[in-house]
Amino acid sequence: MRRIPSIDGLRCISIFLVIYGHSKFSDSIGIANLGVKVFFIISAYLIIGILFKNVQNNNFSIKRFYFKRLIRTLPAFYTYLIFSTIFLMYINYFDFSQFWRSIIFLENYHPRGLWNNKQWFVGHSWSLAVEEQFYILVAIVFYLFNSKIINKKGLNRIFLLVIIIVPFIRIAYIYGQGIIPSLFLESTGRSFETVSDALAIGGIIYLNQNKIQSSKIFNYFSNKIYLCIILILITLCLRSNFIPIDLKFKLRLVYYFFGETIVNILIGLIILITIKYHDKSYLARILNNHIIIYIGMLSYSIYLWQQIWLYNWNIHILFKYFGIIITATSSYYLIEKPFLRLRDKLIKDDKIK
């Protein structure tokens, strides 16, 4: 499949943000979470692009779509889970109560009040759970689109409605103590209904990219990516741990209602700018450097394996990074690529329709 310029480079940046945030350095503004947001928006942009083209080419199949996504995500993830389980049982540090949700992609509904230190090893699977839930729902939406029940304008309305409603849900959860079950209250920021606006942004920017790229706002920011980044960092400061206690609650309300949407939109803008001007801007040229692209291609395996290495083991951080590189590279070449080749062969041989 033809690779879209800058996308792998953006994945590289995203995984660096996640690793920085998980490395126990100061992360008072949620740098790791920012990296996950970028992953979400990129993923939705690509998935919705694939589904939209499939419908246009009269080649849409829910069965084939689910098959492709499952083969893409499950083998590497379950390999990580099996290895982690064996290793943690060996050192007598395994706790099934912290693991079971990850097995069935429900870690994003693991209330924080039930966490202990052992949750860390599968804590990152909340974002994979969101992705899998997204795949289920978006395929149904495109089934309706393929069946002519909704049109392109209807798709836009659905994604726009998600962007509008999700901030209200986040605010409702803040004020919902004693009314809304803790399953939801203590999963805010991870549960599908509180983060799906990032995925909806990915859908909006794909479906309207030509219109967006010809807009005045896009033209203004096209050579000012640095300004987008500054605005993102300023917005993230609304949720910073450095905010005085008497202001923290009010500013968090502002962030949850407006800030997250602003950050998502700015990320979407950066994605479109770096795709359109992939051979012009300095940043875009960096994103399309061969080494950066290679790291981006490894990003899924890196995301899986960084978690176990970046636990609070009493070993030097450089050794942890080396371990991430070795295990992620092994996962990519021994698990991801062979299964992707098998997937492509089965589809090419028309075994999956």
# chains A, B, ... in the order shown; residues from 1 in each chain; ligands from 1
call {"tool": "residues_around", "arguments": {"residues": "Phe39 (chain A)", "least_positions_apart": "5", "cutoff": "10 Å", "atoms": "only C-alpha atoms", "output": "list in words"}}
result
Ile7, Leu10, Arg11, Cys12, Ile13, Ser14, Ile15, Asn33, Leu34, Ala44, Tyr45, Ser127, Glu131, Ala198, Leu199, Gly202, Ser299 and Tyr300 of chain A
call {"tool": "closest_atom_pairs", "arguments": {"of": "region 159-252 of chain A", "to": "region 276-288 of chain A", "cutoff": "10 Å", "atoms": "only C-alpha atoms", "output": "Markdown table"}}
result
| residue | atom | partner | partner_atom | distance |
| --- | --- | --- | --- | --- |
| A:Gln209 | CA | A:Lys276 | CA | 9.9 |
| A:Gln213 | CA | A:Lys276 | CA | 8.2 |
| A:Ser222 | CA | A:Tyr277 | CA | 8.1 |
| A:Asn223 | CA | A:Ser281 | CA | 7.1 |
| A:Lys224 | CA | A:Ser281 | CA | 9.5 |
| A:Ile225 | CA | A:Leu283 | CA | 8.2 |
| A:Tyr226 | CA | A:Leu283 | CA | 9.1 |
call {"tool": "closest_residue", "arguments": {"among": "A:Phe159, A:Leu183, A:Ser102, A:Phe192", "to": "Gln133 (chain A)", "atoms": "only C-alpha atoms"}}
result
A:Phe192
call {"tool": "residues_around", "arguments": {"residues": "Val254 (chain A)", "least_positions_apart": "4", "cutoff": "10 Å", "atoms": "only C-alpha atoms", "output": "PyMOL selection string"}}
result
chain A and resi 167+171+235+238-239+248-250+258-260
call {"tool": "select_by_dssp", "arguments": {"residues": "region 184-341 of chain A", "states": "alpha helix (DSSP H)", "output": "JSON, numbers by chain"}}
result
{"A": [184, 185, 192, 193, 194, 195, 196, 197, 198, 199, 200, 201, 202, 203, 204, 205, 206, 207, 209, 210, 211, 212, 213, 216, 217, 218, 219, 220, 221, 225, 226, 227, 228, 229, 230, 231, 232, 233, 234, 235, 236, 245, 246, 247, 248, 249, 250, 251, 252, 253, 254, 260, 261, 262, 263, 264, 265, 266, 267, 268, 269, 270, 271, 272, 273, 274, 275, 276, 282, 283, 284, 285, 286, 287, 290, 291, 292, 293, 294, 295, 296, 297, 299, 300, 301, 302, 303, 304, 305, 306, 307, 308, 309, 317, 318, 319, 320, 321, 322, 323, 324, 325, 326, 327, 328, 329, 330, 331, 337, 338, 339, 340, 341]}
call {"tool": "residues_around", "arguments": {"residues": "Ile212 (chain A)", "least_positions_apart": "6", "cutoff": "12 Å", "atoms": "only C-alpha atoms", "output": "PyMOL selection string"}}
result
chain A and resi 204-206+218-222+265+268-273+276
call {"tool": "write_last_selection", "arguments": {"atoms": "N, CA and C atoms", "output": "PDB file, in the first residue's frame"}}
result
ATOM      1  N   ILE A 204     -13.090  14.065  10.114  1.00  0.00           N
ATOM      2  CA  ILE A 204     -13.417  15.365   9.521  1.00  0.00           C
ATOM      3  C   ILE A 204     -12.300  15.840   8.597  1.00  0.00           C
ATOM      4  N   ILE A 205     -11.056  15.710   9.040  1.00  0.00           N
ATOM      5  CA  ILE A 205      -9.961  16.232   8.206  1.00  0.00           C
ATOM      6  C   ILE A 205      -9.769  15.389   6.945  1.00  0.00           C
ATOM      7  N   TYR A 206     -10.099  14.080   7.010  1.00  0.00           N
ATOM      8  CA  TYR A 206     -10.011  13.305   5.778  1.00  0.00           C
ATOM      9  C   TYR A 206     -11.116  13.693   4.806  1.00  0.00           C
ATOM     10  N   PHE A 218      -5.849  27.557   6.964  1.00  0.00           N
ATOM     11  CA  PHE A 218      -4.809  26.603   6.578  1.00  0.00           C
ATOM     12  C   PHE A 218      -3.627  27.324   5.945  1.00  0.00           C
ATOM     13  N   ASN A 219      -3.917  28.234   5.035  1.00  0.00           N
ATOM     14  CA  ASN A 219      -2.842  28.982   4.370  1.00  0.00           C
ATOM     15  C   ASN A 219      -2.038  29.804   5.373  1.00  0.00           C
ATOM     16  N   TYR A 220      -2.731  30.335   6.390  1.00  0.00           N
ATOM     17  CA  TYR A 220      -2.031  31.133   7.402  1.00  0.00           C
ATOM     18  C   TYR A 220      -1.057  30.261   8.199  1.00  0.00           C
ATOM     19  N   PHE A 221      -1.507  29.074   8.588  1.00  0.00           N
ATOM     20  CA  PHE A 221      -0.674  28.205   9.427  1.00  0.00           C
ATOM     21  C   PHE A 221       0.286  27.334   8.616  1.00  0.00           C
ATOM     22  N   SER A 222       0.148  27.309   7.291  1.00  0.00           N
ATOM     23  CA  SER A 222       0.929  26.374   6.471  1.00  0.00           C
ATOM     24  C   SER A 222       2.436  26.538   6.636  1.00  0.00           C
ATOM     25  N   ILE A 265      -7.834  19.787  17.038  1.00  0.00           N
ATOM     26  CA  ILE A 265      -7.912  20.527  15.767  1.00  0.00           C
ATOM     27  C   ILE A 265      -6.521  20.937  15.305  1.00  0.00           C
ATOM     28  N   GLY A 268      -4.736  17.977  13.940  1.00  0.00           N
ATOM     29  CA  GLY A 268      -5.263  17.687  12.603  1.00  0.00           C
ATOM     30  C   GLY A 268      -4.698  18.641  11.562  1.00  0.00           C
ATOM     31  N   LEU A 269      -4.566  19.902  11.936  1.00  0.00           N
ATOM     32  CA  LEU A 269      -4.009  20.911  11.029  1.00  0.00           C
ATOM     33  C   LEU A 269      -2.554  20.598  10.701  1.00  0.00           C
ATOM     34  N   ILE A 270      -1.787  20.224  11.713  1.00  0.00           N
ATOM     35  CA  ILE A 270      -0.380  19.865  11.496  1.00  0.00           C
ATOM     36  C   ILE A 270      -0.273  18.667  10.560  1.00  0.00           C
ATOM     37  N   ILE A 271      -1.144  17.677  10.759  1.00  0.00           N
ATOM     38  CA  ILE A 271      -1.123  16.485   9.899  1.00  0.00           C
ATOM     39  C   ILE A 271      -1.345  16.866   8.439  1.00  0.00           C
ATOM     40  N   LEU A 272      -2.372  17.693   8.181  1.00  0.00           N
ATOM     41  CA  LEU A 272      -2.666  18.086   6.800  1.00  0.00           C
ATOM     42  C   LEU A 272      -1.556  18.942   6.204  1.00  0.00           C
ATOM     43  N   ILE A 273      -0.970  19.817   6.996  1.00  0.00           N
ATOM     44  CA  ILE A 273       0.118  20.682   6.497  1.00  0.00           C
ATOM     45  C   ILE A 273       1.329  19.832   6.115  1.00  0.00           C
ATOM     46  N   LYS A 276       0.579  17.831   2.872  1.00  0.00           N
ATOM     47  CA  LYS A 276       0.545  18.632   1.642  1.00  0.00           C
ATOM     48  C   LYS A 276       1.915  19.192   1.280  1.00  0.00           C
TER      49      LYS A 276
END
call {"tool": "residues_around", "arguments": {"residues": "Asn289 (chain A)", "least_positions_apart": "5", "cutoff": "10 Å", "atoms": "only C-alpha atoms", "output": "number ranges by chain"}}
result
A: 6, 8-9, 284, 294
call {"tool": "write_last_selection", "arguments": {"atoms": "C-alpha atoms", "output": "compact mmCIF listing (two decimals), in the first residue's frame"}}
result
# COMPACT_ATOMS: atom_id res chain seq x y z
CA SER A 6 4.84 12.48 6.74
CA ASP A 8 5.24 7.61 9.61
CA GLY A 9 7.27 10.63 10.71
CA ALA A 284 8.08 17.99 6.94
CA TYR A 294 11.69 3.62 9.96
call {"tool": "residues_around", "arguments": {"residues": "Ser28 (chain A)", "least_positions_apart": "2", "cutoff": "8 Å", "atoms": "only C-alpha atoms", "output": "count of residues only"}}
result
7
call {"tool": "atom_distance", "arguments": {"atom1": "CA of Glu336 (chain A)", "atom2": "CA of Ala76 (chain A)"}}
result
6.0 Å
call {"tool": "residues_around", "arguments": {"residues": "Phe339 (chain A)", "least_positions_apart": "3", "cutoff": "9 Å", "atoms": "only C-alpha atoms", "output": "VMD selection string"}}
result
chain A and resid 71 to 72 75 334 to 336 342 to 344
call {"tool": "write_last_selection", "arguments": {"atoms": "N, CA and C atoms", "output": "CSV table (one decimal), in the first residue's frame"}}
result
chain,number,residue,atom,x,y,z
A,71,ILE,N,-5.8,-8.7,12.2
A,71,ILE,CA,-4.4,-9.2,11.9
A,71,ILE,C,-3.4,-8.2,12.1
A,72,ARG,N,-3.7,-6.9,11.9
A,72,ARG,CA,-2.8,-5.8,12.1
A,72,ARG,C,-2.4,-5.7,13.6
A,75,PRO,N,-2.0,-10.1,16.8
A,75,PRO,CA,-0.8,-10.9,17.0
A,75,PRO,C,0.3,-10.3,17.8
A,334,LEU,N,9.4,-10.4,13.5
A,334,LEU,CA,9.1,-11.8,13.8
A,334,LEU,C,7.6,-12.0,13.9
A,335,ILE,N,6.8,-10.9,14.3
A,335,ILE,CA,5.4,-11.0,14.5
A,335,ILE,C,4.6,-10.2,13.5
A,336,GLU,N,4.8,-8.9,13.5
A,336,GLU,CA,4.0,-8.0,12.7
A,336,GLU,C,4.1,-8.3,11.2
A,342,LEU,N,0.9,-12.6,5.5
A,342,LEU,CA,-0.2,-13.6,5.5
A,342,LEU,C,-1.5,-12.9,5.2
A,343,ARG,N,-1.8,-11.8,5.8
A,343,ARG,CA,-3.0,-11.1,5.6
A,343,ARG,C,-3.2,-10.7,4.1
A,344,ASP,N,-2.1,-10.1,3.6
A,344,ASP,CA,-2.2,-9.6,2.2
A,344,ASP,C,-2.3,-10.8,1.2
call {"tool": "atom_distance", "arguments": {"atom1": "CA of Ile158 (chain A)", "atom2": "CA of Asn146 (chain A)"}}
result
15.1 Å
call {"tool": "closest_atom_pairs", "arguments": {"of": "region 271-307 of chain A", "to": "region 80-86 of chain A", "cutoff": "12 Å", "atoms": "only C-alpha atoms", "output": "Markdown table"}}
result
| residue | atom | partner | partner_atom | distance |
| --- | --- | --- | --- | --- |
| A:Tyr300 | CA | A:Tyr80 | CA | 11.5 |
| A:Ser301 | CA | A:Tyr80 | CA | 9.0 |
| A:Ile302 | CA | A:Tyr80 | CA | 10.9 |
| A:Tyr303 | CA | A:Tyr80 | CA | 10.6 |
| A:Leu304 | CA | A:Tyr80 | CA | 6.8 |
| A:Trp305 | CA | A:Tyr80 | CA | 7.0 |
| A:Gln306 | CA | A:Tyr80 | CA | 10.5 |
| A:Gln307 | CA | A:Tyr80 | CA | 10.0 |
call {"tool": "write_last_selection", "arguments": {"atoms": "C-alpha atoms", "output": "PDB file, in the first residue's frame"}}
result
ATOM      1  CA  TYR A 300       3.209   0.044  17.169  1.00  0.00           C
ATOM      2  CA  SER A 301       5.698  -2.514  18.476  1.00  0.00           C
ATOM      3  CA  ILE A 302       7.581   0.219  20.333  1.00  0.00           C
ATOM      4  CA  TYR A 303       4.323   1.328  21.955  1.00  0.00           C
ATOM      5  CA  LEU A 304       3.589  -2.226  23.089  1.00  0.00           C
ATOM      6  CA  TRP A 305       7.017  -3.002  24.529  1.00  0.00           C
ATOM      7  CA  GLN A 306       8.023   0.336  26.039  1.00  0.00           C
ATOM      8  CA  GLN A 307       5.540  -0.298  28.853  1.00  0.00           C
TER       9      GLN A 307
END
call {"tool": "closest_atom_pairs", "arguments": {"of": "region 65-99 of chain A", "to": "region 115-123 of chain A", "cutoff": "7 Å", "atoms": "only C-alpha atoms", "output": "Markdown table"}}
result
| residue | atom | partner | partner_atom | distance |
| --- | --- | --- | --- | --- |
| A:Phe94 | CA | A:Lys118 | CA | 7.0 |
| A:Asp95 | CA | A:Lys118 | CA | 6.6 |
| A:Gln98 | CA | A:Gln119 | CA | 5.0 |
| A:Phe99 | CA | A:Val122 | CA | 6.5 |
call {"tool": "atom_distance", "arguments": {"atom1": "CA of Met89 (chain A)", "atom2": "CA of Lys24 (chain A)"}}
result
24.7 Å
